[in-house]
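*Asks:* Contents of upload.pdb (PDB, C-alpha atoms (C1' of nucleotides)) are below:
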```
ATOM      1  CA  MET D   1      97.029 122.950  91.952
ATOM      2  CA  THR D   2      96.609 119.417  93.191
ATOM      3  CA  VAL D   3      93.426 117.567  92.532
ATOM      4  CA  LYS D   4      91.175 116.996  95.496
ATOM      5  CA  SER D   5      90.882 113.355  94.510
ATOM      6  CA  ASP D   6      88.361 112.208  97.034
ATOM      7  CA  LEU D   7      87.896 108.907  95.269
ATOM      8  CA  PRO D   8      90.419 106.903  93.280
ATOM      9  CA  GLN D   9      89.485 106.299  89.691
ATOM     10  CA  GLY D  10      87.047 103.459  89.209
ATOM     11  CA  THR D  11      85.871 103.377  92.796
ATOM     12  CA  LEU D  12      82.871 105.559  92.148
ATOM     13  CA  ASP D  13      81.383 103.047  89.730
ATOM     14  CA  LEU D  14      81.728 100.294  92.276
ATOM     15  CA  LEU D  15      79.978 102.284  94.972
ATOM     16  CA  ILE D  16      77.148 103.359  92.700
ATOM     17  CA  LEU D  17      76.531  99.817  91.518
ATOM     18  CA  LYS D  18      76.507  98.653  95.112
ATOM     19  CA  VAL D  19      73.870 101.163  96.194
ATOM     20  CA  ALA D  20      71.790 100.375  93.127
ATOM     21  CA  GLU D  21      71.893  96.712  94.078
ATOM     22  CA  LEU D  22      69.907  97.412  97.228
ATOM     23  CA  GLY D  23      66.935  98.630  95.201
ATOM     24  CA  PRO D  24      65.888 101.294  92.703
ATOM     25  CA  VAL D  25      67.215 104.705  93.658
ATOM     26  CA  HIS D  26      67.663 108.024  91.939
ATOM     27  CA  GLY D  27      71.004 109.730  91.593
ATOM     28  CA  TYR D  28      70.580 112.357  94.223
ATOM     29  CA  ALA D  29      69.679 109.709  96.786
ATOM     30  CA  ILE D  30      72.710 107.640  95.831
ATOM     31  CA  ALA D  31      75.036 110.512  96.659
ATOM     32  CA  GLN D  32      73.288 111.115  99.973
ATOM     33  CA  ARG D  33      73.376 107.440 100.853
ATOM     34  CA  LEU D  34      77.097 107.169 100.156
ATOM     35  CA  GLN D  35      77.819 110.188 102.270
ATOM     36  CA  GLN D  36      75.686 108.993 105.171
ATOM     37  CA  VAL D  37      76.941 105.416 105.293
ATOM     38  CA  SER D  38      80.578 106.469 104.922
ATOM     39  CA  ARG D  39      80.178 109.093 107.644
ATOM     40  CA  ASP D  40      81.051 111.926 105.283
ATOM     41  CA  VAL D  41      84.263 110.294 104.078
ATOM     42  CA  VAL D  42      82.788 109.700 100.629
ATOM     43  CA  GLN D  43      81.305 112.844  99.127
ATOM     44  CA  VAL D  44      80.192 112.682  95.530
ATOM     45  CA  PRO D  45      79.862 116.031  93.723
ATOM     46  CA  GLN D  46      77.196 116.235  91.047
ATOM     47  CA  GLY D  47      79.809 116.792  88.383
ATOM     48  CA  SER D  48      81.087 113.315  89.140
ATOM     49  CA  LEU D  49      77.788 111.642  89.913
ATOM     50  CA  TYR D  50      75.692 112.236  86.815
ATOM     51  CA  PRO D  51      78.368 111.552  84.201
ATOM     52  CA  ALA D  52      79.105 108.314  86.047
ATOM     53  CA  LEU D  53      75.444 107.325  86.024
ATOM     54  CA  HIS D  54      75.219 107.995  82.295
ATOM     55  CA  ARG D  55      78.300 105.927  81.597
ATOM     56  CA  LEU D  56      76.986 103.027  83.618
ATOM     57  CA  GLU D  57      73.676 103.255  81.815
ATOM     58  CA  ASN D  58      75.382 103.360  78.414
ATOM     59  CA  ARG D  59      77.365 100.263  79.302
ATOM     60  CA  GLY D  60      74.166  98.459  80.158
ATOM     61  CA  LEU D  61      75.064  98.071  83.818
ATOM     62  CA  LEU D  62      72.224 100.256  85.011
ATOM     63  CA  ALA D  63      68.691 100.756  83.691
ATOM     64  CA  ALA D  64      66.575 103.795  84.453
ATOM     65  CA  ASP D  65      62.897 104.736  84.717
ATOM     66  CA  TRP D  66      61.328 108.086  85.419
ATOM     67  CA  LYS D  67      59.066 107.978  88.436
ATOM     68  CA  GLU D  68      57.838 110.211  91.181
ATOM     69  CA  THR D  69      59.552 110.552  94.505
ATOM     70  CA  GLU D  70      57.617 110.319  97.746
ATOM     71  CA  THR D  71      57.883 114.077  97.885
ATOM     72  CA  GLY D  72      56.272 114.430  94.469
ATOM     73  CA  ARG D  73      59.264 115.349  92.320
ATOM     74  CA  ASP D  74      60.244 113.661  89.077
ATOM     75  CA  ALA D  75      63.346 111.537  89.412
ATOM     76  CA  LYS D  76      65.217 108.955  87.397
ATOM     77  CA  PHE D  77      65.295 105.690  89.296
ATOM     78  CA  TYR D  78      68.226 103.429  88.525
ATOM     79  CA  ARG D  79      68.280  99.693  89.005
ATOM     80  CA  LEU D  80      70.980  97.100  88.508
ATOM     81  CA  THR D  81      70.782  95.007  85.353
ATOM     82  CA  ARG D  82      71.885  91.396  85.194
ATOM     83  CA  LYS D  83      75.056  92.564  83.509
ATOM     84  CA  GLY D  84      75.519  95.194  86.181
ATOM     85  CA  ARG D  85      75.218  92.615  88.923
ATOM     86  CA  ALA D  86      77.985  90.549  87.358
ATOM     87  CA  GLN D  87      80.139  93.638  87.003
ATOM     88  CA  LEU D  88      79.523  94.541  90.622
ATOM     89  CA  GLU D  89      80.701  91.130  91.773
ATOM     90  CA  THR D  90      83.807  91.364  89.640
ATOM     91  CA  GLU D  91      84.695  94.861  90.799
ATOM     92  CA  ALA D  92      83.992  94.090  94.432
ATOM     93  CA  ALA D  93      86.291  91.081  94.263
ATOM     94  CA  SER D  94      88.978  93.150  92.559
ATOM     95  CA  TRP D  95      88.649  95.818  95.189
ATOM     96  CA  GLN D  96      89.084  93.343  97.989
ATOM     97  CA  ARG D  97      92.064  91.677  96.323
ATOM     98  CA  LEU D  98      93.665  95.044  95.767
ATOM     99  CA  THR D  99      93.100  96.429  99.252
ATOM    100  CA  GLU D 100      94.558  93.274 100.756
ATOM    101  CA  ALA D 101      97.619  93.582  98.521
ATOM    102  CA  VAL D 102      98.095  97.261  99.340
ATOM    103  CA  GLY D 103      97.634  96.433 102.996
ATOM    104  CA  LEU D 104     100.434  93.900 102.769
ATOM    105  CA  ILE D 105     102.741  96.493 101.263
ATOM    106  CA  LEU D 106     101.854  99.247 103.723
ATOM    107  CA  ARG D 107     102.595  96.948 106.649
ATOM    108  CA  LEU D 108     106.001  96.029 105.273
ATOM    109  CA  SER D 109     108.114  97.691 107.952
ATOM    110  CA  GLU D 110     105.636  97.520 110.779
ATOM    111  CA  GLY D 111     105.218  93.768 110.722
ATOM    112  CA  GLY D 112     108.875  93.205 109.948
ATOM    113  CA  ALA D 113     109.353  89.600 108.887
ATOM    114  CA  GLU D 114     106.269  87.931 107.519
TER     115      GLU D 114
ATOM    116  CA  MET A   1      87.510  98.813  75.289
ATOM    117  CA  THR A   2      87.822  98.794  79.024
ATOM    118  CA  VAL A   3      91.064  99.799  80.650
ATOM    119  CA  LYS A   4      92.995  97.099  82.429
ATOM    120  CA  SER A   5      93.171  99.416  85.413
ATOM    121  CA  ASP A   6      95.440  97.460  87.666
ATOM    122  CA  LEU A   7      95.765 100.296  90.124
ATOM    123  CA  PRO A   8      93.346 103.098  90.952
ATOM    124  CA  GLN A   9      94.629 106.597  90.371
ATOM    125  CA  GLY A  10      96.875 107.858  93.126
ATOM    126  CA  THR A  11      97.564 104.475  94.643
ATOM    127  CA  LEU A  12     100.796 104.012  92.757
ATOM    128  CA  ASP A  13     102.368 107.051  94.393
ATOM    129  CA  LEU A  14     101.514 105.701  97.810
ATOM    130  CA  LEU A  15     103.072 102.319  97.105
ATOM    131  CA  ILE A  16     106.234 103.803  95.621
ATOM    132  CA  LEU A  17     106.723 106.112  98.579
ATOM    133  CA  LYS A  18     106.234 103.182 100.912
ATOM    134  CA  VAL A  19     108.882 101.045  99.248
ATOM    135  CA  ALA A  20     111.272 103.991  99.122
ATOM    136  CA  GLU A  21     110.782 104.437 102.854
ATOM    137  CA  LEU A  22     112.408 101.065 103.519
ATOM    138  CA  GLY A  23     115.682 102.229 101.980
ATOM    139  CA  PRO A  24     117.220 103.495  98.739
ATOM    140  CA  VAL A  25     116.032 101.504  95.738
ATOM    141  CA  HIS A  26     116.038 101.945  92.006
ATOM    142  CA  GLY A  27     112.863 101.966  89.928
ATOM    143  CA  TYR A  28     113.157  98.531  88.451
ATOM    144  CA  ALA A  29     113.553  97.032  91.912
ATOM    145  CA  ILE A  30     110.522  98.929  93.199
ATOM    146  CA  ALA A  31     108.325  97.342  90.565
ATOM    147  CA  GLN A  32     109.677  93.895  91.349
ATOM    148  CA  ARG A  33     109.241  94.393  95.057
ATOM    149  CA  LEU A  34     105.626  95.485  94.697
ATOM    150  CA  GLN A  35     104.858  92.501  92.539
ATOM    151  CA  GLN A  36     106.529  90.043  94.898
ATOM    152  CA  VAL A  37     105.020  91.325  98.137
ATOM    153  CA  SER A  38     101.546  91.630  96.642
ATOM    154  CA  ARG A  39     101.775  88.129  95.183
ATOM    155  CA  ASP A  40     101.408  89.371  91.620
ATOM    156  CA  VAL A  41      98.270  91.370  92.385
ATOM    157  CA  VAL A  42     100.117  94.652  91.885
ATOM    158  CA  GLN A  43     101.976  94.788  88.584
ATOM    159  CA  VAL A  44     103.493  98.098  87.598
ATOM    160  CA  PRO A  45     104.231  98.570  83.888
ATOM    161  CA  GLN A  46     107.247 100.707  83.034
ATOM    162  CA  GLY A  47     105.052 103.274  81.339
ATOM    163  CA  SER A  48     103.438 103.906  84.711
ATOM    164  CA  LEU A  49     106.482 103.480  86.892
ATOM    165  CA  TYR A  50     108.989 105.955  85.483
ATOM    166  CA  PRO A  51     106.633 108.890  84.929
ATOM    167  CA  ALA A  52     105.440 108.393  88.499
ATOM    168  CA  LEU A  53     109.003 108.441  89.795
ATOM    169  CA  HIS A  54     109.749 111.633  87.874
ATOM    170  CA  ARG A  55     106.665 113.314  89.242
ATOM    171  CA  LEU A  56     107.484 112.346  92.796
ATOM    172  CA  GLU A  57     111.010 113.633  92.298
ATOM    173  CA  ASN A  58     109.752 116.907  90.826
ATOM    174  CA  ARG A  59     107.469 117.382  93.806
ATOM    175  CA  GLY A  60     110.402 116.923  96.123
ATOM    176  CA  LEU A  61     109.028 113.758  97.680
ATOM    177  CA  LEU A  62     111.844 111.598  96.354
ATOM    178  CA  ALA A  63     115.544 112.307  95.810
ATOM    179  CA  ALA A  64     117.730 110.327  93.451
ATOM    180  CA  ASP A  65     121.403 109.385  93.034
ATOM    181  CA  TRP A  66     123.089 107.377  90.300
ATOM    182  CA  LYS A  67     124.909 104.400  91.695
ATOM    183  CA  GLU A  68     125.935 100.946  90.680
ATOM    184  CA  THR A  69     123.869  97.874  91.309
ATOM    185  CA  GLU A  70     125.335  94.720  92.793
ATOM    186  CA  THR A  71     125.280  93.307  89.292
ATOM    187  CA  GLY A  72     127.334  96.225  87.981
ATOM    188  CA  ARG A  73     124.734  98.192  86.087
ATOM    189  CA  ASP A  74     124.036 101.899  86.491
ATOM    190  CA  ALA A  75     120.790 102.623  88.272
ATOM    191  CA  LYS A  76     119.037 105.604  89.788
ATOM    192  CA  PHE A  77     118.524 105.022  93.491
ATOM    193  CA  TYR A  78     115.578 106.820  95.038
ATOM    194  CA  ARG A  79     115.193 107.720  98.681
ATOM    195  CA  LEU A  80     112.408 109.373 100.633
ATOM    196  CA  THR A  81     112.841 113.027 101.527
ATOM    197  CA  ARG A  82     111.510 114.572 104.694
ATOM    198  CA  LYS A  83     108.670 116.018 102.668
ATOM    199  CA  GLY A  84     108.053 112.623 101.108
ATOM    200  CA  ARG A  85     107.818 110.986 104.492
ATOM    201  CA  ALA A  86     105.138 113.431 105.569
ATOM    202  CA  GLN A  87     103.274 112.855 102.321
ATOM    203  CA  LEU A  88     103.478 109.111 102.824
ATOM    204  CA  GLU A  89     101.904 109.375 106.246
ATOM    205  CA  THR A  90      99.119 111.573 104.913
ATOM    206  CA  GLU A  91      98.362 109.309 101.979
ATOM    207  CA  ALA A  92      98.514 106.159 104.049
ATOM    208  CA  ALA A  93      96.017 107.642 106.500
ATOM    209  CA  SER A  94      93.743 108.714 103.637
ATOM    210  CA  TRP A  95      93.950 105.255 102.141
ATOM    211  CA  GLN A  96      92.933 103.620 105.376
ATOM    212  CA  ARG A  97      90.066 106.039 105.952
ATOM    213  CA  LEU A  98      88.852 105.457 102.426
ATOM    214  CA  THR A  99      89.068 101.667 102.465
ATOM    215  CA  GLU A 100      87.176 101.566 105.730
ATOM    216  CA  ALA A 101      84.461 103.771 104.270
ATOM    217  CA  VAL A 102      84.206 101.705 101.094
ATOM    218  CA  GLY A 103      84.157  98.561 103.191
ATOM    219  CA  LEU A 104      81.186  99.905 105.111
ATOM    220  CA  ILE A 105      79.306 100.520 101.894
ATOM    221  CA  LEU A 106      80.152  97.182 100.314
ATOM    222  CA  ARG A 107      78.891  95.331 103.373
ATOM    223  CA  LEU A 108      75.567  97.164 103.309
ATOM    224  CA  SER A 109      73.323  94.259 102.348
ATOM    225  CA  GLU A 110      75.408  91.411 103.681
ATOM    226  CA  GLY A 111      75.373  92.476 107.269
ATOM    227  CA  GLY A 112      71.861  93.854 107.034
ATOM    228  CA  ALA A 113      71.358  95.668 110.323
ATOM    229  CA  GLU A 114      74.646  96.533 111.936
TER     230      GLU A 114
ATOM    231  C1'  DG Q   1     126.655  87.691  67.067
ATOM    232  C1'  DC Q   2     122.108  86.654  69.050
ATOM    233  C1'  DT Q   3     118.804  86.518  72.782
ATOM    234  C1'  DA Q   4     117.046  87.444  77.423
ATOM    235  C1'  DA Q   5     117.085  90.042  81.555
ATOM    236  C1'  DT Q   6     118.255  94.310  83.628
ATOM    237  C1'  DA Q   7     117.538  99.304  83.773
ATOM    238  C1'  DT Q   8     115.916 103.735  82.095
ATOM    239  C1'  DG Q   9     113.199 106.764  79.336
ATOM    240  C1'  DT Q  10     109.313 109.258  76.083
ATOM    241  C1'  DA Q  11     104.908 109.979  73.358
ATOM    242  C1'  DG Q  12     100.219 109.702  72.697
ATOM    243  C1'  DG Q  13      95.716 108.108  73.667
ATOM    244  C1'  DA Q  14      92.123 106.834  76.896
ATOM    245  C1'  DG Q  15      89.519 107.285  80.828
ATOM    246  C1'  DT Q  16      87.776 109.600  84.975
ATOM    247  C1'  DG Q  17      86.935 113.075  88.729
ATOM    248  C1'  DC Q  18      85.689 117.709  89.634
ATOM    249  C1'  DG Q  19      84.625 122.741  89.529
ATOM    250  C1'  DA Q  20      81.571 125.825  87.506
ATOM    251  C1'  DG Q  21      77.758 126.734  85.382
ATOM    252  C1'  DG Q  22      72.583 125.991  84.084
ATOM    253  C1'  DT Q  23      67.400 124.316  84.614
ATOM    254  C1'  DA Q  24      63.215 123.241  87.191
ATOM    255  C1'  DT Q  25      59.988 122.084  91.054
ATOM    256  C1'  DA Q  26      58.303 121.714  96.075
ATOM    257  C1'  DG Q  27      57.765 123.739 100.417
ATOM    258  C1'  DC Q  28      58.562 127.230 103.671
ATOM    259  C1'  DT Q  29      58.469 131.975 105.413
ATOM    260  C1'  DC Q  30      57.173 136.611 105.109
TER     261       DC Q  30
ATOM    262  C1'  DG X   1      53.398 136.245  95.488
ATOM    263  C1'  DA X   2      58.318 137.098  96.284
ATOM    264  C1'  DG X   3      62.300 135.016  97.919
ATOM    265  C1'  DC X   4      64.851 131.293  99.813
ATOM    266  C1'  DT X   5      66.383 126.507 100.523
ATOM    267  C1'  DA X   6      66.477 121.787  99.320
ATOM    268  C1'  DT X   7      65.592 118.565  95.931
ATOM    269  C1'  DA X   8      66.702 116.644  91.362
ATOM    270  C1'  DC X   9      68.556 116.719  86.933
ATOM    271  C1'  DC X  10      72.177 118.047  83.330
ATOM    272  C1'  DT X  11      76.694 119.578  80.506
ATOM    273  C1'  DC X  12      81.309 121.647  79.426
ATOM    274  C1'  DG X  13      86.053 121.636  79.815
ATOM    275  C1'  DC X  14      90.183 121.233  82.490
ATOM    276  C1'  DA X  15      93.399 118.412  85.164
ATOM    277  C1'  DC X  16      95.376 114.351  86.222
ATOM    278  C1'  DT X  17      96.883 109.672  85.816
ATOM    279  C1'  DC X  18      97.393 105.118  83.838
ATOM    280  C1'  DC X  19      98.992 102.316  80.143
ATOM    281  C1'  DT X  20     100.391 100.502  75.399
ATOM    282  C1'  DA X  21     104.061 100.945  72.432
ATOM    283  C1'  DC X  22     108.300 102.250  71.328
ATOM    284  C1'  DA X  23     113.342 103.440  71.933
ATOM    285  C1'  DT X  24     117.914 102.912  74.320
ATOM    286  C1'  DA X  25     121.991 100.739  76.671
ATOM    287  C1'  DT X  26     124.415  97.150  79.362
ATOM    288  C1'  DT X  27     125.360  92.370  81.234
ATOM    289  C1'  DA X  28     125.282  87.345  80.855
ATOM    290  C1'  DG X  29     124.680  83.123  78.470
ATOM    291  C1'  DC X  30     124.614  80.287  74.270
TER     292       DC X  30
END
```
Please rewrite the model in this file as structure tokens.
*Replies:*
Amino acid sequence: MTVKSDLPQGTLDLLILKVAELGPVHGYAIAQRLQQVSRDVVQVPQGSLYPALHRLENRGLLAADWKETETGRDAKFYRLTRKGRAQLETEAASWQRLTEAVGLILRLSEGGAE
Amino acid sequence: MTVKSDLPQGTLDLLILKVAELGPVHGYAIAQRLQQVSRDVVQVPQGSLYPALHRLENRGLLAADWKETETGRDAKFYRLTRKGRAQLETEAASWQRLTEAVGLILRLSEGGAE
DNA sequence: GCTAATATGTAGGAGTGCGAGGTATAGCTC
DNA sequence: GAGCTATACCTCGCACTCCTACATATTAGC
């Protein structure tokens, strides 16, 4: 039974921090946002989402306040802390460095001599 | 204690399959190759490398033969099976789809309206 | 004989994603 | 007001992978 593995380990944190950077959002909206922007490529199940949010909050990367949604429901709004912003920059840079490196490797035979 | 996390989960398999596609190589050479081509961004510790090779072999994606290196040492040369080639194509496509999606998300605020 | 590089391997812990389950409210239809 | 869907939160436990540390054997150089 192979794992579905929609997202590689560690990527979810990066994406959540990124969405939180744009302004306070609650978890459910984060998942919807990721799915919309990625055109359904990124789909975050709740069993992945909420544990991730709690971990990020425990690490001090996110801070949360209970507020009311426009529709009148209670929701936990997350915002990026100063520490979280630094972490986001670091992880985003790592991601870019890594994807470039993997890209180099995957194009090994296609490009031929480089 | 944060994990060093050089490579996201699942990426290592993709890279190994890719190197094996170029021709029969032994494990030690795969790790060196990845490090060289990626300009030291990708560094595969032996504790990650060999278990990954065994798993890929058990899944029938790689096949191995003991041969001698140019330097005279015994080494296990891995080559891509037909099944492994198909898997490589699938994973490479998934990787590209994913990186594009993540790229879209990471550029959310920079580009503003797009 | 000692060290370094080559080449392979295992064991155990740590961390994360996900399926499956549970709770509660708002709004809609009937 | 009964039932349904969507919203919004949560937890448990399994599965999987990565990595540190350790162990082994050979070749080359000093």
*Asks:* Please check which residues have atoms at most 9 Å from (81.4, 123.1, 89.1) in the file's coordinates, counting only C-alpha atoms (C1' of nucleotides), and write them as a PyMOL selection string.
*Replies:* (chain D and resi 45-47) or (chain Q and resi 18-21)
*Asks:* Pull out every residue of chain D that has at least one atom within 9 Å of chain Q, counting only C-alpha atoms (C1' of nucleotides), and report them as a PyMOL selection string.
*Replies:* chain D and resi 3-10+45-48+52+71-74
*Asks:* I'd like the interatomic distance between atom CA of Tyr50 of chain A and atom CA of Arg33 of chain A, to a tenth of an Å.
*Replies:*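 For atom CA of Tyr50 of chain A relative to atom CA of Arg33 of chain A, the distance reads 15.0 Å.
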*Asks:* When you draw a straight line from atom CA of Gly27 of chain A to atom CA of Glu100 of chain D, how long is it in Å?
*Replies:* 23.0 Å
*Asks:* Written as a list in words, what is the full residue list that the PyMOL selection byres ((chain X) within 7 of (chain A)) yields on the file shown?
*Replies:*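 Evaluating the PyMOL selection byres ((chain X) within 7 of (chain A)) on this file yields DT17, DC18, DC19 and DT26 of chain X.
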*Asks:* Kindly export the residues of the current selection with C-alpha atoms (C1' of nucleotides), as a tab-separated table (two decimals), keeping the file's coordinate frame.
*Replies:*
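Wrote part.tsv, looks like this:
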```
chain	number	residue	atom	x	y	z
X	17	DT	C1'	96.88	109.67	85.82
X	18	DC	C1'	97.39	105.12	83.84
X	19	DC	C1'	98.99	102.32	80.14
X	26	DT	C1'	124.42	97.15	79.36
```
*Asks:* Out of D:Ala86, D:Ala29, D:Leu61, D:Val19, which residue has the shortest atom-to-atom distance to chain A when counting all atoms listed in the file?
*Replies:*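 Looking only at the distances to chain A, the closest residue turns out to be D:Val19.
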